[in-house]
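One structure is given here, and the rest of the page talks about it.
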Amino acid sequence: MSPKTRQSKPIGVFDSGIGGLTVVKALMRRLPHENIVYFGDTARVPYGAKSAQVVREYAAQDTDFLVSHDVKMIVVACNTVSSVALEVVQKHAKVPVEGVILPGAKAAANATKKKRIGVIGTIGTIASNAYTNAIRQLDSSASVVSQACPLFVPLAEEGWIDREATRLIAREYLFPLKLQKIDTLVLGCTHYPILRDVIQSVFDGSAELIDSGEATAAEVDGMLTDLDLRNKSDQKANVQFFVSDIPHKFTEIGERFLGQKLGRVRRAAGF
Ligand code: DGL
């Protein structure tokens with residue numbers, strides 16, 4: 001196969017559902033000429049409260065779907081999958097794989113001045129300690145406090161971004177992290193960038209928020225160069241969306257996460 005064909009293949013991105021569109025948004029902004037195939041497992045979302053064993057099984061199937069679309073690399077947008085099943089994806093992918101944990105951890109370790117970092121994510125992500133381990137491997141003197149914030153996922157999907165109830169819940173989850181005097185907070189879940197303003201308001205400017213999706217897009221940018229996989233075309237990229245179920249209000253929610261019109265969304269075969 002000529003290098004040109006290899007480079008023009010799409011990047012495969014998958015998530016447990018719709019949330020990974022925040023990662024697609026970051027990728028599209030940073031890499032506007034890269035073709036993308038997105039798969040959201042909307043029939044089986046959420047992954048965040050499921051056992052690692054089940055998440056691994058789902059991750060293998062999600063990876064196989066993207067492989068069947070002949071992708072040149074796979075970005076695991078889902079923090080839960082990146083935390084507990086990255087090696088499963090690597091085994092099934094046969095192409096380079098990037099998850100969101102290491103890029104988010106690196107960005108946090110670089111940003112913190114007081115070496116006090118907070119991490120928020122799903123129950124599965126926090127229980128795995130994946131962020132804590134990655135941060136402490138990068139800087140063993142950093143202290144990491146983490147907190148699962150499961151209610152943030154439905155709140156983001158409901159679009160409750162400027163509601164009193166959301167502010168109260170955010171305060172309940174995050175105030176203990178503020179008391180720990182963290183100066184950096186990793187948004188370790190695809191949905192949390194949607195709630196950025198509410199989260200920021202709890203810290204009142206005392207913590208820098210790290211969007212793992214954005215950090216991952218920057219990492220993917222570097223990988224494309226290093227692996228000579230960058231699409232040389234200056235055409236507008238082709239971004240395709242597949243889901244395992246079309247939930248109620250999918251397009252509306254999806255557009256909020258992606259920050260633009262979604263276009264055609266197809267049901268993925270085999271789920
Ligand atoms: N995409 C998941 C994550 O980033 C959040 C939603 C879920 O629980 O499936 O961990």
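Going through the structure tokens in order, the chains are called A, B, and so on, while each chain numbers its residues from 1 and the ligands are numbered from 1 in the order shown.
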
Taking a cut-off of 9 Å and counting only C-alpha atoms and all ligand atoms, can you build a table that, for each residue of chain A near ligand 1, reports the nearest atom pair and how far apart they are in Å (one decimal), sorted by chain then residue number, as a Markdown table?
| residue | atom | partner | partner_atom_place_in_ligand_line | distance |
| --- | --- | --- | --- | --- |
| A:Asp15 | CA | ligand 1 | 1 (N) | 5.5 |
| A:Ser16 | CA | ligand 1 | 9 (O) | 4.6 |
| A:Gly17 | CA | ligand 1 | 9 (O) | 6.3 |
| A:Ile18 | CA | ligand 1 | 1 (N) | 7.5 |
| A:Gly19 | CA | ligand 1 | 1 (N) | 5.3 |
| A:Gly20 | CA | ligand 1 | 1 (N) | 6.1 |
| A:Asp41 | CA | ligand 1 | 9 (O) | 8.6 |
| A:Thr42 | CA | ligand 1 | 9 (O) | 8.8 |
| A:Arg44 | CA | ligand 1 | 9 (O) | 8.2 |
| A:Val45 | CA | ligand 1 | 9 (O) | 4.9 |
| A:Pro46 | CA | ligand 1 | 9 (O) | 3.3 |
| A:Tyr47 | CA | ligand 1 | 9 (O) | 3.7 |
| A:Gly48 | CA | ligand 1 | 8 (O) | 3.3 |
| A:Ala49 | CA | ligand 1 | 8 (O) | 6.3 |
| A:Lys50 | CA | ligand 1 | 8 (O) | 8.2 |
| A:Ala77 | CA | ligand 1 | 4 (O) | 6.8 |
| A:Cys78 | CA | ligand 1 | 4 (O) | 4.0 |
| A:Asn79 | CA | ligand 1 | 4 (O) | 3.9 |
| A:Thr80 | CA | ligand 1 | 10 (O) | 3.9 |
| A:Val81 | CA | ligand 1 | 10 (O) | 6.9 |
| A:Ser82 | CA | ligand 1 | 10 (O) | 8.2 |
| A:Ser83 | CA | ligand 1 | 10 (O) | 8.4 |
| A:Val100 | CA | ligand 1 | 4 (O) | 8.9 |
| A:Gly121 | CA | ligand 1 | 10 (O) | 6.4 |
| A:Thr122 | CA | ligand 1 | 10 (O) | 5.4 |
| A:Ile123 | CA | ligand 1 | 8 (O) | 8.2 |
| A:Gly124 | CA | ligand 1 | 10 (O) | 7.6 |
| A:Thr125 | CA | ligand 1 | 10 (O) | 6.5 |
| A:Pro150 | CA | ligand 1 | 8 (O) | 7.6 |
| A:Val153 | CA | ligand 1 | 6 (C) | 6.1 |
| A:Pro154 | CA | ligand 1 | 6 (C) | 8.8 |
| A:Gly188 | CA | ligand 1 | 4 (O) | 6.6 |
| A:Cys189 | CA | ligand 1 | 4 (O) | 3.6 |
| A:Thr190 | CA | ligand 1 | 4 (O) | 4.0 |
| A:His191 | CA | ligand 1 | 5 (C) | 6.3 |
| A:Tyr192 | CA | ligand 1 | 4 (O) | 8.5 |

*Please provide as number ranges by chain all residues within 6 Å of A:Leu187, with the sequence filter that same-chain residues fewer than 3 positions apart are discarded (counting only C-alpha atoms).*
A: 120, 192, 210-211

With all heavy atoms retained, could you export that selection as a compact mmCIF listing (two decimals), in the first residue's frame?
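Final output, selection_24.txt:
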# COMPACT_ATOMS: atom_id res chain seq x y z
N ILE A 120 -11.23 14.08 38.53
CA ILE A 120 -12.63 13.66 38.63
C ILE A 120 -12.98 12.80 37.42
O ILE A 120 -12.44 12.98 36.34
CB ILE A 120 -13.60 14.86 38.78
CG1 ILE A 120 -13.40 15.91 37.67
CG2 ILE A 120 -13.45 15.51 40.14
CD1 ILE A 120 -14.43 17.06 37.71
N TYR A 192 -17.44 16.06 31.11
CA TYR A 192 -17.22 17.16 32.05
C TYR A 192 -16.87 18.50 31.39
O TYR A 192 -17.21 19.55 31.97
CB TYR A 192 -16.16 16.78 33.09
CG TYR A 192 -16.53 15.59 33.98
CD1 TYR A 192 -15.63 15.10 34.91
CD2 TYR A 192 -17.78 14.97 33.88
CE1 TYR A 192 -15.95 14.02 35.74
CE2 TYR A 192 -18.10 13.88 34.69
CZ TYR A 192 -17.19 13.41 35.61
OH TYR A 192 -17.51 12.33 36.41
N ILE A 210 -7.99 20.87 33.41
CA ILE A 210 -7.33 20.17 32.31
C ILE A 210 -8.37 19.33 31.58
O ILE A 210 -8.98 18.43 32.17
CB ILE A 210 -6.20 19.24 32.83
CG1 ILE A 210 -5.16 20.02 33.65
CG2 ILE A 210 -5.57 18.46 31.68
CD1 ILE A 210 -4.35 21.03 32.88
N ASP A 211 -8.56 19.62 30.31
CA ASP A 211 -9.47 18.85 29.48
C ASP A 211 -8.66 17.72 28.82
O ASP A 211 -7.83 17.98 27.95
CB ASP A 211 -10.08 19.80 28.42
CG ASP A 211 -11.07 19.11 27.51
OD1 ASP A 211 -10.98 17.88 27.34
OD2 ASP A 211 -11.92 19.83 26.93

*Near A:Ala269, counting only C-alpha atoms, which residues have an atom at most 12 Å away, once you skip same-chain residues fewer than 3 positions from it, shown as JSON, numbers by chain?*
{"A": [39, 41, 61, 62, 64, 65, 66, 68, 69, 242, 243, 244, 245, 266]}

For those residues, write C-alpha atoms to a file as a PDB file, in the first residue's frame.
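Output saved as result-v3.pdb:
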ATOM      1  CA  PHE A  39     -18.481   5.049  17.132  1.00  0.00           C
ATOM      2  CA  ASP A  41     -21.997   2.633  22.018  1.00  0.00           C
ATOM      3  CA  GLN A  61     -16.210  -5.134  20.189  1.00  0.00           C
ATOM      4  CA  ASP A  62     -16.018  -1.346  19.749  1.00  0.00           C
ATOM      5  CA  ASP A  64     -13.387  -4.446  16.049  1.00  0.00           C
ATOM      6  CA  PHE A  65     -16.046  -2.144  14.616  1.00  0.00           C
ATOM      7  CA  LEU A  66     -13.486   0.607  13.956  1.00  0.00           C
ATOM      8  CA  SER A  68     -13.644  -3.002  10.095  1.00  0.00           C
ATOM      9  CA  HIS A  69     -13.664   0.628   8.856  1.00  0.00           C
ATOM     10  CA  PHE A 242     -22.014   5.576  13.997  1.00  0.00           C
ATOM     11  CA  VAL A 243     -23.990   4.567  17.085  1.00  0.00           C
ATOM     12  CA  SER A 244     -25.326   1.253  18.391  1.00  0.00           C
ATOM     13  CA  ASP A 245     -28.735   2.796  19.164  1.00  0.00           C
ATOM     14  CA  ARG A 266     -25.864   5.866  11.207  1.00  0.00           C
TER      15      ARG A 266
END

Using only C-alpha atoms, determine which residues lie at most 6 Å from stretch 253-265 of chain A, disregarding the query and same-chain residues fewer than 5 positions distant; provide the list as an mmCIF file with N, CA, C and O atoms, in the first residue's frame.
data_model
loop_
_atom_site.group_PDB
_atom_site.id
_atom_site.type_symbol
_atom_site.label_atom_id
_atom_site.label_comp_id
_atom_site.auth_asym_id
_atom_site.auth_seq_id
_atom_site.Cartn_x
_atom_site.Cartn_y
_atom_site.Cartn_z
ATOM 1 N N LEU A 21 -17.878 12.868 21.733
ATOM 2 C CA LEU A 21 -17.917 13.958 20.748
ATOM 3 C C LEU A 21 -17.134 15.176 21.239
ATOM 4 O O LEU A 21 -16.695 15.989 20.427
ATOM 5 N N THR A 22 -16.933 15.307 22.560
ATOM 6 C CA THR A 22 -16.084 16.411 23.040
ATOM 7 C C THR A 22 -14.635 16.179 22.594
ATOM 8 O O THR A 22 -13.901 17.131 22.334
ATOM 9 N N LYS A 25 -14.529 16.933 18.889
ATOM 10 C CA LYS A 25 -14.485 18.397 18.730
ATOM 11 C C LYS A 25 -13.029 18.891 18.831
ATOM 12 O O LYS A 25 -12.570 19.694 18.010
ATOM 13 N N PHE A 241 -20.367 9.398 11.663
ATOM 14 C CA PHE A 241 -20.815 9.051 13.012
ATOM 15 C C PHE A 241 -21.643 7.772 12.992
ATOM 16 O O PHE A 241 -22.595 7.664 12.216
ATOM 17 N N PHE A 242 -21.260 6.828 13.844
ATOM 18 C CA PHE A 242 -22.014 5.576 13.997
ATOM 19 C C PHE A 242 -22.374 5.394 15.469
ATOM 20 O O PHE A 242 -21.568 5.721 16.352
#
